[in-house]
Number of protein chains: 2
Amino acid sequence: MPREHLRIVVPAGGIGAARFLRGLLIAAPQAEVTVIGNTGDDITLFGLRVCPDLDTVMYTLGGGIHEEQGWGRRDETFVLRDELAAYGAGPAWFGLGDRDLATHVVRTQLLGAGYPLSAVTAALCRRWEPGVTLLPMSDERVETHVVIEDPSAAAGSGRRRAVHFQEYWVRLHAEPVAHSIVSVGAEDARPGPGVLEAIAAADLVVLPPSNPVVSIGTILSVPGIRAALESTPAPVVGVSPIVAGSPVRGMADKVLAAVGVETSAAAVALHYGPALLDGWLVDESDAAAVPVVEQAGIACRAVPLLMRDTAATATMARAALELAGRTGATA
Amino acid sequence: MPREHLRIVVPAGGIGAARFLRGLLIAAPQAEVTVIGNTGDDITLFGLRVCPDLDTVMYTLGGGIHEEQGWGRRDETFVLRDELAAYGAGPAWFGLGDRDLATHVVRTQLLGAGYPLSAVTAALCRRWEPGVTLLPMSDERVETHVVIEDPSAAAGSGRRRAVHFQEYWVRLHAEPVAHSIVSVGAEDARPGPGVLEAIAAADLVVLPPSNPVVSIGTILSVPGIRAALESTPAPVVGVSPIVAGSPVRGMADKVLAAVGVETSAAAVALHYGPALLDGWLVDESDAAAVPVVEQAGIACRAVPLLMRDTAATATMARAALELAGRTGATA
């Protein structure tokens with residue numbers, strides 16, 4: 001491998017996954033890629049259903065993304081946001097752009113008409129033609145909440161409260177200490193249509209450099225998905241989102257601490273564990289992690305992991321494909 | 001009259017009423033004006049609740065209206081509309097502007113939280129400070145439908161169908177013959193909070209030059225409102241929306257025909273009838289209507305009725321106030 005019509009499954013969060021996928025589609029242009037999108041970050045704002053990770057993948061692969069920012073639409077305007085502020089209508093911390101808004105309006109309308117999120121996502125993708133099959137991890141509501149020190153409580157009171165992940169991430173900039181991460185609704189959720197089938201049919205599963213806790217971790221929290229990934233004969237290889245002890249982007253360190261995992265390329269591999277992972281890519285600067293990871297029974301290789309541009313990302317994706325061929329796992 | 005703190009009630013449609021109200025507030029700056037707004041044109045688009053007449057009054061009196069157009073927001077942009085079109089999401093015939101949209105988003109959110117339309121309208125008006133108390137005619141859903149020849153049926157088949165007023169007016173440009181006008185839900189609707197109280201406390205009721213069928217007629221179709229207006233001791237004076245046999249603006253002739261009323265200043269007065277009207281203003285060019293209307297027991301005067309600018313409109317409003325003083329009705 002790579003061979004023609006390789007069936008690749010990619011559980012995906014937002015920006016990191018979307019950029020990696022762009023490289024993967026270049027590295028394996030003939031592959032049929034199915035993305036299992038995290039929906040734990042989804043939120044209802046102003047009555048509109050917003051699915052940040054699904055949209056980031058859709059916009060990035062469909063050519064509509066704001067490149068520098070990594071999320072949202074390019075050439076975006078914010079007339080609605082400013083008008084809402086003029087009404088004193090919050091939350092101002094989540095700036096919905098006017099272009100982006102159309103996606104949420106169409107989604108909300110279709111959901112209201114009774115279509116499941118999977119069908120709605122497919123309908124939205126007909127415009128964007130992302131070149132992958134984008135499946136929500138579940139059609140059921142799973143919401144990632146973060147348990148933090150209650151900022152409104154007296155200092156040192158130790159009182160805690162749970163906030164929606166978006167509030168923690170976007171509004172609070174992940175500043176309060178995260179005590180734990182809860183996937184509300186996960187235990188009763190079922191994998192979305194096609195998810196288990198795609199895993200069962202996969203020749204290869206790649207974990208992109210997404211947040212291991214609130215992106216991949218949330219996907220794995222949907223009953224059946226982790227088991228399917230652990231039992232598939234196809235190789236499962238991952239790309240470390242941690243380089244030299246720091247998240248490549250975002251604030252993964254904050255939520256890794258909440259689940260008791262060190263912010264290192266090796267610790268994340270061991271957190272996923274050998275039952276899930278057959279291979280793991282770490283950055284060149286983390287070469288010392290290779291024997292630690294291999295010791296746990298996970299094939300490991302150190303390559304440049306910075307997604308500077310599409311070419312570098314494609315090279316990184318090629319390394320993941322090559323590593324998969326070296327794991328000894330078979331499709 | 002006019003005297004200080006005159007309490008004036010104005011049942012109102014959209015553009016014509018809003019412009020008239022602007023003149024009225026200049027003519028009677030000390031008056032407490034309560035507007036009973038038509039909600040029969042309201043429509044849910046993309047899951048958003050749109051109240052065209054309430055918004056036109058609110059924007060016009062609050063300084064946010066698109067002056068030339070008469071409805072919608074000034075400096076409007078249409079990013080959302082174009083993005084929805086890119087999704088193939090209809091209806092494209094109703095172009096929601098990005099600024100205007102914020103009103104519908106806030107309204108929909110508050111309605112969804114359980115607030116009645118009257119409370120929502122009051123909340124929206126806190127931003128616009130229209131200088132009037134704007135009351136929806138009812139908190140209940142009343143929807144004006146127009147029965148037309150089914151455009152999808154074979155020509156001459158005579159098959160009819162009912163369309164939402166907005167579809168008839170905006171999408172079909174009032175081109176199909178309107179056979180009848182139906183206020184769906186009106187029979188079970190109750191006047192909104194404050195509506196009957198405002199009428200009972202009024203020193204004067206003015207019917208602005210709104211559409212007598214789909215605006216004022218719809219308001220009158222809410223059980224209790226017509227009776228309150230007919231029984232109030234306060235004078236009820238109206239301003240003809242028909243000048244020289246044509247609507248001043250809009251397509252009132254189309255819907256007048258549907259209720260069997262001629263498109264003339266006199267015919268509209270007689271349609272309202274002397275039980276409702278104490279006085280009626282017609283345009284100078286309709287001076288011949290004066291004796292016809294007075295014959296029916298309605299005081300009538302011919303004055304310039306074109307709302308060319310705010311000064312002309314204020315003069316027109318003064319004429320209505322003066323006519324009210326001449327009707328012999330007492331507050």
# chains A, B, ... in the order shown; residues from 1 in each chain; ligands from 1
>>> select_by_dssp(residues="region 129-278 of chain A", states="strand (DSSP E)", output="count of residues only")
35
>>> residues_around(residues="Asp309 (chain A)", least_positions_apart="2", cutoff="10 Å", atoms="only C-alpha atoms", output="PyMOL selection string")
chain A and resi 19+22-23+306-307+311-314
>>> write_last_selection(atoms="C-alpha atoms", output="mmCIF file, in the first residue's frame")
data_model
loop_
_atom_site.group_PDB
_atom_site.id
_atom_site.type_symbol
_atom_site.label_atom_id
_atom_site.label_comp_id
_atom_site.auth_asym_id
_atom_site.auth_seq_id
_atom_site.Cartn_x
_atom_site.Cartn_y
_atom_site.Cartn_z
ATOM 1 C CA ARG A 19 -5.548 19.917 7.377
ATOM 2 C CA ARG A 22 -6.067 17.553 2.807
ATOM 3 C CA GLY A 23 -2.593 16.026 2.811
ATOM 4 C CA LEU A 306 4.499 20.144 11.248
ATOM 5 C CA MET A 307 1.729 20.784 8.694
ATOM 6 C CA ALA A 311 3.076 19.441 0.518
ATOM 7 C CA ALA A 312 4.531 18.902 3.996
ATOM 8 C CA THR A 313 1.191 17.529 5.145
ATOM 9 C CA ALA A 314 1.020 15.128 2.206
#
>>> closest_atom_pairs(of="chain B", to="chain A", cutoff="6 Å", atoms="only C-alpha atoms", output="tab-separated table")
residue	atom	partner	partner_atom	distance
B:Phe46	CA	A:Gln109	CA	5.6
B:Gly47	CA	A:Gln109	CA	5.6
B:Leu80	CA	A:Ala102	CA	5.6
B:Glu83	CA	A:Ala102	CA	5.8
B:Leu84	CA	A:Ala102	CA	5.6
B:Tyr87	CA	A:Arg127	CA	5.9
B:Asp98	CA	A:Leu80	CA	5.8
B:Arg99	CA	A:Leu80	CA	5.9
B:Ala102	CA	A:Leu84	CA	5.5
B:Gln109	CA	A:Gly47	CA	5.6
B:Arg127	CA	A:Tyr87	CA	5.9
>>> write_last_selection(atoms="N, CA and C atoms", output="short mmCIF file (atom, residue, chain, number, x, y, z; two decimals), in the first residue's frame")
data_model
loop_
_atom_site.label_atom_id
_atom_site.label_comp_id
_atom_site.auth_asym_id
_atom_site.auth_seq_id
_atom_site.Cartn_x
_atom_site.Cartn_y
_atom_site.Cartn_z
N PHE B 46 -36.87 29.36 6.95
CA PHE B 46 -35.62 28.78 7.46
C PHE B 46 -35.67 28.62 8.97
N GLY B 47 -36.86 28.34 9.48
CA GLY B 47 -36.98 28.15 10.92
C GLY B 47 -37.01 29.45 11.70
N LEU B 80 -26.16 36.05 3.66
CA LEU B 80 -26.88 34.82 4.01
C LEU B 80 -27.74 34.35 2.85
N GLU B 83 -25.64 32.74 0.28
CA GLU B 83 -25.11 31.46 0.75
C GLU B 83 -26.20 30.38 0.77
N LEU B 84 -27.39 30.77 1.17
CA LEU B 84 -28.50 29.80 1.16
C LEU B 84 -28.75 29.34 -0.27
N TYR B 87 -26.56 26.70 -1.34
CA TYR B 87 -26.98 25.39 -0.82
C TYR B 87 -28.22 24.88 -1.57
N ASP B 98 -29.04 40.44 5.99
CA ASP B 98 -28.24 40.02 7.14
C ASP B 98 -28.57 40.83 8.39
N ARG B 99 -28.81 42.13 8.22
CA ARG B 99 -29.16 42.94 9.39
C ARG B 99 -30.54 42.56 9.90
N ALA B 102 -31.03 39.44 12.16
CA ALA B 102 -30.78 39.43 13.61
C ALA B 102 -32.09 39.56 14.38
N GLN B 109 -35.51 32.90 18.92
CA GLN B 109 -34.92 32.37 20.14
C GLN B 109 -35.81 32.64 21.35
N ARG B 127 -34.48 48.05 21.79
CA ARG B 127 -33.36 48.55 20.98
C ARG B 127 -33.79 49.74 20.13
#
>>> atom_distance(atom1="CA of Thr144 (chain A)", atom2="CA of Ala258 (chain A)")
13.1 Å
>>> calpha_fit_and_write(fixed="chain B", moving="chain A", output="compact mmCIF listing (two decimals) with C-alpha atoms, in the first residue's frame")
# COMPACT_ATOMS: atom_id res chain seq x y z
CA MET A 1 -57.75 68.27 20.48
CA PRO A 2 -54.91 67.66 19.94
CA ARG A 3 -54.38 67.95 23.67
CA GLU A 4 -51.46 66.79 25.77
CA HIS A 5 -51.11 63.07 26.38
CA LEU A 6 -53.82 62.25 23.94
CA ARG A 7 -54.07 58.47 23.85
CA ILE A 8 -54.17 57.40 20.23
CA VAL A 9 -54.59 53.82 19.03
CA VAL A 10 -53.48 52.93 15.51
CA PRO A 11 -54.23 49.50 14.02
CA ALA A 12 -51.39 49.15 11.55
CA GLY A 13 -50.09 47.19 8.61
CA GLY A 14 -46.62 47.79 7.20
CA ILE A 15 -45.16 50.56 5.07
CA GLY A 16 -48.18 52.84 4.75
CA ALA A 17 -48.93 52.67 8.45
CA ALA A 18 -45.31 53.13 9.45
CA ARG A 19 -44.90 56.25 7.34
CA PHE A 20 -48.21 57.64 8.57
CA LEU A 21 -47.16 57.01 12.16
CA ARG A 22 -44.01 59.02 11.62
CA GLY A 23 -46.18 61.96 10.59
CA LEU A 24 -48.59 61.37 13.46
CA LEU A 25 -45.79 61.51 16.03
CA ILE A 26 -44.80 64.90 14.63
CA ALA A 27 -48.40 66.12 14.51
CA ALA A 28 -49.08 64.99 18.07
CA PRO A 29 -45.70 64.94 19.81
CA GLN A 30 -47.20 64.62 23.28
CA ALA A 31 -49.57 61.80 22.39
CA GLU A 32 -49.21 58.30 23.77
CA VAL A 33 -49.55 56.19 20.68
CA THR A 34 -50.34 52.50 20.84
CA VAL A 35 -49.95 50.57 17.62
CA ILE A 36 -51.89 47.34 17.13
CA GLY A 37 -49.75 45.54 14.61
CA ASN A 38 -50.96 43.10 11.99
CA THR A 39 -49.33 39.70 12.40
CA GLY A 40 -51.29 37.90 9.68
CA ASP A 41 -48.39 38.34 7.26
CA ASP A 42 -45.96 36.63 9.62
CA ILE A 43 -44.13 33.68 8.22
CA THR A 44 -41.56 31.13 9.30
CA LEU A 45 -38.64 30.99 6.89
CA PHE A 46 -35.62 28.77 7.46
CA GLY A 47 -36.98 28.14 10.92
CA LEU A 48 -36.96 31.85 11.68
CA ARG A 49 -40.10 33.73 12.65
CA VAL A 50 -40.50 36.81 10.49
CA CYS A 51 -43.05 39.51 11.36
CA PRO A 52 -42.91 41.91 8.41
CA ASP A 53 -45.44 44.48 9.59
CA LEU A 54 -44.24 44.71 13.18
CA ASP A 55 -40.67 45.10 11.92
CA THR A 56 -41.55 47.74 9.35
CA VAL A 57 -43.19 49.84 12.06
CA MET A 58 -40.31 49.23 14.46
CA TYR A 59 -37.57 49.98 11.93
CA THR A 60 -39.35 53.01 10.44
CA LEU A 61 -40.02 54.69 13.77
CA GLY A 62 -36.66 53.53 15.19
CA GLY A 63 -34.60 54.95 12.36
CA GLY A 64 -33.41 51.65 10.93
CA ILE A 65 -35.63 51.38 7.89
CA HIS A 66 -34.45 51.28 4.28
CA GLU A 67 -36.11 54.56 3.33
CA GLU A 68 -36.47 54.13 -0.41
CA GLN A 69 -37.66 50.55 -0.18
CA GLY A 70 -39.94 51.13 2.77
CA TRP A 71 -39.21 47.77 4.40
CA GLY A 72 -36.10 46.03 5.65
CA ARG A 73 -32.96 47.57 7.07
CA ARG A 74 -30.90 50.35 5.56
CA ASP A 75 -27.30 49.50 4.56
CA GLU A 76 -28.47 45.93 4.24
CA THR A 77 -26.27 43.08 3.01
CA PHE A 78 -27.40 39.73 1.63
CA VAL A 79 -24.58 37.33 2.39
CA LEU A 80 -26.88 34.80 4.01
CA ARG A 81 -29.37 34.87 1.14
CA ASP A 82 -26.61 34.19 -1.38
CA GLU A 83 -25.11 31.44 0.76
CA LEU A 84 -28.50 29.78 1.15
CA ALA A 85 -28.89 29.89 -2.62
CA ALA A 86 -25.50 28.19 -2.92
CA TYR A 87 -26.98 25.37 -0.83
CA GLY A 88 -29.99 25.30 -3.13
CA ALA A 89 -32.05 26.21 -0.10
CA GLY A 90 -35.25 28.10 -0.87
CA PRO A 91 -37.31 30.11 -0.91
CA ALA A 92 -35.12 32.57 -2.78
CA TRP A 93 -38.15 34.79 -3.37
CA PHE A 94 -38.03 36.06 0.18
CA GLY A 95 -34.67 37.78 0.55
CA LEU A 96 -33.72 37.96 4.20
CA GLY A 97 -31.07 40.60 4.71
CA ASP A 98 -28.24 39.99 7.15
CA ARG A 99 -29.15 42.93 9.38
CA ASP A 100 -32.85 42.14 9.31
CA LEU A 101 -32.00 38.56 10.13
CA ALA A 102 -30.78 39.42 13.60
CA THR A 103 -34.29 40.53 14.49
CA HIS A 104 -35.70 37.18 13.40
CA VAL A 105 -32.96 35.23 15.15
CA VAL A 106 -33.57 37.03 18.44
CA ARG A 107 -37.34 36.72 18.02
CA THR A 108 -37.19 33.02 17.21
CA GLN A 109 -34.91 32.36 20.14
CA LEU A 110 -37.17 34.20 22.57
CA LEU A 111 -40.31 32.55 21.19
CA GLY A 112 -38.55 29.20 21.50
CA ALA A 113 -37.78 30.02 25.11
CA GLY A 114 -41.50 30.40 25.67
CA TYR A 115 -42.02 34.15 25.60
CA PRO A 116 -45.19 35.32 23.84
CA LEU A 117 -44.84 37.47 20.72
CA SER A 118 -46.01 40.54 22.66
CA ALA A 119 -43.14 40.20 25.14
CA VAL A 120 -40.69 39.47 22.34
CA THR A 121 -41.84 42.54 20.43
CA ALA A 122 -41.40 44.67 23.52
CA ALA A 123 -37.89 43.26 23.95
CA LEU A 124 -36.98 44.07 20.33
CA CYS A 125 -38.42 47.56 20.71
CA ARG A 126 -36.06 48.26 23.59
CA ARG A 127 -33.35 48.54 20.97
CA TRP A 128 -35.33 50.60 18.48
CA GLU A 129 -37.25 52.90 20.82
CA PRO A 130 -39.95 53.54 18.21
CA GLY A 131 -41.72 56.14 20.39
CA VAL A 132 -44.94 54.10 20.34
CA THR A 133 -46.15 51.07 22.23
CA LEU A 134 -46.12 48.32 19.61
CA LEU A 135 -48.57 45.53 20.39
CA PRO A 136 -49.09 42.50 18.16
CA MET A 137 -52.81 42.14 17.43
CA SER A 138 -52.58 38.67 18.97
CA ASP A 139 -50.03 36.37 20.56
CA GLU A 140 -51.71 33.51 18.76
CA ARG A 141 -50.90 32.43 15.26
CA VAL A 142 -53.18 34.01 12.66
CA GLU A 143 -52.08 33.54 9.09
CA THR A 144 -53.52 35.30 6.06
CA HIS A 145 -53.95 32.89 3.18
CA VAL A 146 -55.06 33.82 -0.31
CA VAL A 147 -57.16 31.44 -2.37
CA ILE A 148 -55.98 31.55 -5.97
CA GLU A 149 -56.38 29.56 -9.18
CA ASP A 150 -53.92 26.68 -8.75
CA PRO A 151 -51.04 27.71 -11.04
CA SER A 152 -49.94 24.08 -11.33
CA ALA A 153 -53.39 22.90 -12.48
CA ALA A 154 -54.46 22.68 -16.12
CA ALA A 155 -55.64 26.05 -17.46
CA GLY A 156 -59.35 26.46 -16.98
CA SER A 157 -59.57 23.55 -14.57
CA GLY A 158 -60.78 26.00 -11.97
CA ARG A 159 -58.83 24.17 -9.31
CA ARG A 160 -57.89 26.49 -6.51
CA ARG A 161 -55.40 26.46 -3.75
CA ALA A 162 -54.58 28.61 -0.76
CA VAL A 163 -51.15 30.18 -0.48
CA HIS A 164 -49.59 32.09 2.37
CA PHE A 165 -50.05 35.81 1.90
CA GLN A 166 -46.30 36.32 1.51
CA GLU A 167 -46.18 33.78 -1.27
CA TYR A 168 -49.06 35.53 -3.04
CA TRP A 169 -47.66 39.01 -2.48
CA VAL A 170 -43.90 38.61 -2.75
CA ARG A 171 -43.43 35.50 -4.83
CA LEU A 172 -46.43 35.74 -7.16
CA HIS A 173 -46.53 39.57 -7.19
CA ALA A 174 -50.30 39.36 -6.60
CA GLU A 175 -50.69 38.32 -10.21
CA PRO A 176 -53.06 35.34 -9.83
CA VAL A 177 -56.68 36.36 -9.28
CA ALA A 178 -57.43 36.27 -5.55
CA HIS A 179 -60.76 34.51 -5.00
CA SER A 180 -60.87 34.96 -1.29
CA ILE A 181 -58.80 35.93 1.71
CA VAL A 182 -58.75 33.67 4.76
CA SER A 183 -57.43 34.53 8.19
CA VAL A 184 -56.37 31.06 9.29
CA GLY A 185 -56.61 30.72 13.05
CA ALA A 186 -58.34 34.07 13.52
CA GLU A 187 -61.57 32.66 14.93
CA ASP A 188 -59.69 31.09 17.84
CA ALA A 189 -57.25 33.93 18.42
CA ARG A 190 -57.49 36.32 21.30
CA PRO A 191 -56.36 39.94 21.18
CA GLY A 192 -52.82 40.34 22.46
CA PRO A 193 -52.16 41.64 25.98
CA GLY A 194 -53.02 45.32 26.20
CA VAL A 195 -54.90 45.54 22.92
CA LEU A 196 -58.44 45.79 24.26
CA GLU A 197 -57.24 47.87 27.19
CA ALA A 198 -55.58 50.35 24.81
CA ILE A 199 -58.76 50.64 22.74
CA ALA A 200 -60.87 51.10 25.86
CA ALA A 201 -58.58 53.88 27.09
CA ALA A 202 -58.17 55.59 23.72
CA ASP A 203 -59.08 59.21 23.14
CA LEU A 204 -58.84 58.60 19.42
CA VAL A 205 -58.41 55.70 17.01
CA VAL A 206 -56.82 56.31 13.62
CA LEU A 207 -56.87 53.81 10.78
CA PRO A 208 -53.76 54.63 8.74
CA PRO A 209 -53.67 54.13 4.96
CA SER A 210 -52.96 50.40 5.35
CA ASN A 211 -54.40 47.63 3.25
CA PRO A 212 -58.08 47.43 4.32
CA VAL A 213 -58.26 43.70 3.66
CA VAL A 214 -55.00 41.98 4.58
CA SER A 215 -53.74 44.52 7.15
CA ILE A 216 -56.62 46.28 8.92
CA GLY A 217 -59.07 43.54 7.88
CA THR A 218 -56.91 40.89 9.49
CA ILE A 219 -56.62 42.87 12.71
CA LEU A 220 -60.41 43.28 12.73
CA SER A 221 -60.78 39.52 12.24
CA VAL A 222 -59.41 38.80 15.70
CA PRO A 223 -62.51 38.30 17.83
CA GLY A 224 -63.10 41.24 20.12
CA ILE A 225 -61.08 43.87 18.30
CA ARG A 226 -63.75 45.02 15.84
CA ALA A 227 -66.35 45.05 18.62
CA ALA A 228 -64.06 47.12 20.84
CA LEU A 229 -63.44 49.61 18.04
CA GLU A 230 -67.14 49.81 17.22
CA SER A 231 -68.17 50.37 20.82
CA THR A 232 -65.48 52.82 21.90
CA PRO A 233 -66.83 56.31 22.54
CA ALA A 234 -63.59 57.69 21.10
CA PRO A 235 -63.72 58.88 17.49
CA VAL A 236 -62.42 56.42 14.94
CA VAL A 237 -61.10 58.15 11.85
CA GLY A 238 -59.46 56.57 8.83
CA VAL A 239 -57.18 57.65 6.03
CA SER A 240 -57.98 56.26 2.61
CA PRO A 241 -55.29 53.99 1.16
CA ILE A 242 -56.95 54.47 -2.22
CA VAL A 243 -56.35 57.65 -4.17
CA ALA A 244 -58.04 58.28 -7.51
CA GLY A 245 -59.07 54.65 -7.83
CA SER A 246 -55.65 53.16 -7.17
CA PRO A 247 -53.75 52.04 -4.11
CA VAL A 248 -51.23 54.70 -3.07
CA ARG A 249 -48.73 51.88 -2.96
CA GLY A 250 -48.92 48.13 -2.98
CA MET A 251 -51.59 46.04 -4.64
CA ALA A 252 -54.62 46.60 -2.42
CA ASP A 253 -56.88 46.53 -5.49
CA LYS A 254 -56.13 42.81 -5.92
CA VAL A 255 -57.33 41.86 -2.49
CA LEU A 256 -60.20 44.37 -2.42
CA ALA A 257 -61.63 42.59 -5.45
CA ALA A 258 -61.41 39.30 -3.54
CA VAL A 259 -63.75 40.68 -0.89
CA GLY A 260 -66.05 42.31 -3.44
CA VAL A 261 -65.05 45.88 -2.73
CA GLU A 262 -64.43 48.43 -5.45
CA THR A 263 -61.04 50.12 -5.48
CA SER A 264 -62.20 53.57 -4.49
CA ALA A 265 -61.84 55.80 -1.47
CA ALA A 266 -65.60 55.75 -0.90
CA ALA A 267 -65.99 52.00 -1.25
CA VAL A 268 -63.31 51.35 1.35
CA ALA A 269 -65.04 53.70 3.80
CA LEU A 270 -68.36 51.91 3.26
CA HIS A 271 -66.55 48.55 3.60
CA TYR A 272 -65.33 49.60 7.05
CA GLY A 273 -68.81 50.99 7.64
CA PRO A 274 -70.30 53.63 9.93
CA ALA A 275 -70.41 51.25 12.92
CA LEU A 276 -66.61 51.35 12.88
CA LEU A 277 -65.76 54.70 11.28
CA ASP A 278 -66.67 58.14 12.53
CA GLY A 279 -64.51 59.98 10.04
CA TRP A 280 -62.70 59.36 6.76
CA LEU A 281 -60.07 61.32 4.93
CA VAL A 282 -59.93 61.08 1.16
CA ASP A 283 -57.50 62.70 -1.22
CA GLU A 284 -58.27 66.03 -2.85
CA SER A 285 -58.67 64.20 -6.14
CA ASP A 286 -61.46 62.14 -4.56
CA ALA A 287 -63.55 65.12 -3.42
CA ALA A 288 -66.54 63.57 -5.18
CA ALA A 289 -66.43 60.76 -2.61
CA VAL A 290 -67.11 63.15 0.29
CA PRO A 291 -70.93 63.36 -0.06
CA VAL A 292 -71.13 59.58 -0.70
CA VAL A 293 -69.27 58.83 2.51
CA GLU A 294 -71.09 61.47 4.53
CA GLN A 295 -74.38 60.07 3.23
CA ALA A 296 -73.46 56.83 5.06
CA GLY A 297 -73.04 58.73 8.31
CA ILE A 298 -69.26 59.05 8.23
CA ALA A 299 -67.74 62.53 8.45
CA CYS A 300 -65.52 62.99 5.44
CA ARG A 301 -62.98 65.52 4.26
CA ALA A 302 -60.78 65.77 1.18
CA VAL A 303 -57.12 66.72 1.84
CA PRO A 304 -53.81 65.92 0.14
CA LEU A 305 -53.09 62.30 1.06
CA LEU A 306 -49.76 61.65 -0.62
CA MET A 307 -47.04 60.96 1.98
CA ARG A 308 -44.34 62.60 -0.13
CA ASP A 309 -42.22 63.47 2.87
CA THR A 310 -42.49 63.65 6.63
CA ALA A 311 -43.84 67.21 6.58
CA ALA A 312 -46.63 66.30 4.16
CA THR A 313 -47.40 63.23 6.24
CA ALA A 314 -47.56 65.28 9.44
CA THR A 315 -49.99 67.65 7.74
CA MET A 316 -52.11 64.67 6.75
CA ALA A 317 -52.03 63.35 10.33
CA ARG A 318 -53.08 66.80 11.56
CA ALA A 319 -56.04 66.64 9.21
CA ALA A 320 -57.00 63.29 10.75
CA LEU A 321 -56.78 64.77 14.26
CA GLU A 322 -58.88 67.75 13.19
CA LEU A 323 -61.45 65.53 11.53
CA ALA A 324 -61.71 63.49 14.73
CA GLY A 325 -62.59 66.68 16.59
CA ARG A 326 -65.32 67.38 14.07
CA THR A 327 -67.01 63.96 14.20
CA GLY A 328 -69.02 64.63 17.29
CA ALA A 329 -67.78 61.41 18.84
CA THR A 330 -66.35 61.89 22.29
CA ALA A 331 -63.57 60.22 24.19
>>> select_by_dssp(residues="region 24-258 of chain B", states="alpha helix (DSSP H)", output="number ranges by chain")
B: 24-27, 52-62, 79-86, 98-112, 117-128, 165-166, 195-201, 216-220, 225-231, 252-258
>>> write_last_selection(atoms="C-alpha atoms", output="compact mmCIF listing (two decimals), in the first residue's frame")
# COMPACT_ATOMS: atom_id res chain seq x y z
CA LEU B 24 -48.58 61.36 13.46
CA LEU B 25 -45.79 61.51 16.03
CA ILE B 26 -44.80 64.91 14.64
CA ALA B 27 -48.41 66.14 14.52
CA PRO B 52 -42.91 41.92 8.40
CA ASP B 53 -45.45 44.48 9.60
CA LEU B 54 -44.24 44.72 13.18
CA ASP B 55 -40.69 45.11 11.93
CA THR B 56 -41.56 47.74 9.35
CA VAL B 57 -43.20 49.85 12.06
CA MET B 58 -40.32 49.25 14.47
CA TYR B 59 -37.59 49.99 11.94
CA THR B 60 -39.35 53.02 10.45
CA LEU B 61 -40.01 54.70 13.78
CA GLY B 62 -36.68 53.55 15.21
CA VAL B 79 -24.58 37.35 2.37
CA LEU B 80 -26.88 34.82 4.01
CA ARG B 81 -29.36 34.88 1.13
CA ASP B 82 -26.60 34.21 -1.38
CA GLU B 83 -25.11 31.46 0.75
CA LEU B 84 -28.50 29.80 1.16
CA ALA B 85 -28.88 29.92 -2.60
CA ALA B 86 -25.48 28.22 -2.90
CA ASP B 98 -28.24 40.02 7.14
CA ARG B 99 -29.16 42.94 9.39
CA ASP B 100 -32.85 42.17 9.32
CA LEU B 101 -32.01 38.58 10.12
CA ALA B 102 -30.78 39.43 13.61
CA THR B 103 -34.30 40.54 14.50
CA HIS B 104 -35.71 37.21 13.39
CA VAL B 105 -32.97 35.25 15.15
CA VAL B 106 -33.59 37.04 18.45
CA ARG B 107 -37.35 36.73 18.02
CA THR B 108 -37.19 33.04 17.21
CA GLN B 109 -34.92 32.37 20.14
CA LEU B 110 -37.17 34.20 22.58
CA LEU B 111 -40.31 32.56 21.18
CA GLY B 112 -38.56 29.23 21.49
CA LEU B 117 -44.85 37.48 20.73
CA SER B 118 -46.00 40.55 22.66
CA ALA B 119 -43.15 40.22 25.14
CA VAL B 120 -40.70 39.47 22.34
CA THR B 121 -41.84 42.54 20.42
CA ALA B 122 -41.40 44.69 23.53
CA ALA B 123 -37.89 43.28 23.95
CA LEU B 124 -36.99 44.07 20.34
CA CYS B 125 -38.42 47.58 20.71
CA ARG B 126 -36.06 48.28 23.59
CA ARG B 127 -33.36 48.55 20.98
CA TRP B 128 -35.32 50.63 18.48
CA PHE B 165 -50.06 35.82 1.89
CA GLN B 166 -46.32 36.33 1.51
CA VAL B 195 -54.89 45.53 22.92
CA LEU B 196 -58.44 45.78 24.24
CA GLU B 197 -57.25 47.87 27.18
CA ALA B 198 -55.60 50.35 24.82
CA ILE B 199 -58.75 50.62 22.73
CA ALA B 200 -60.87 51.09 25.86
CA ALA B 201 -58.57 53.86 27.10
CA ILE B 216 -56.63 46.28 8.92
CA GLY B 217 -59.07 43.57 7.88
CA THR B 218 -56.92 40.90 9.48
CA ILE B 219 -56.62 42.86 12.71
CA LEU B 220 -60.41 43.27 12.73
CA ILE B 225 -61.07 43.86 18.29
CA ARG B 226 -63.74 45.02 15.85
CA ALA B 227 -66.35 45.06 18.62
CA ALA B 228 -64.06 47.12 20.84
CA LEU B 229 -63.43 49.61 18.04
CA GLU B 230 -67.12 49.81 17.22
CA SER B 231 -68.14 50.35 20.81
CA ALA B 252 -54.62 46.58 -2.43
CA ASP B 253 -56.87 46.51 -5.50
CA LYS B 254 -56.12 42.80 -5.93
CA VAL B 255 -57.34 41.84 -2.50
CA LEU B 256 -60.19 44.36 -2.42
CA ALA B 257 -61.62 42.59 -5.46
CA ALA B 258 -61.42 39.30 -3.55
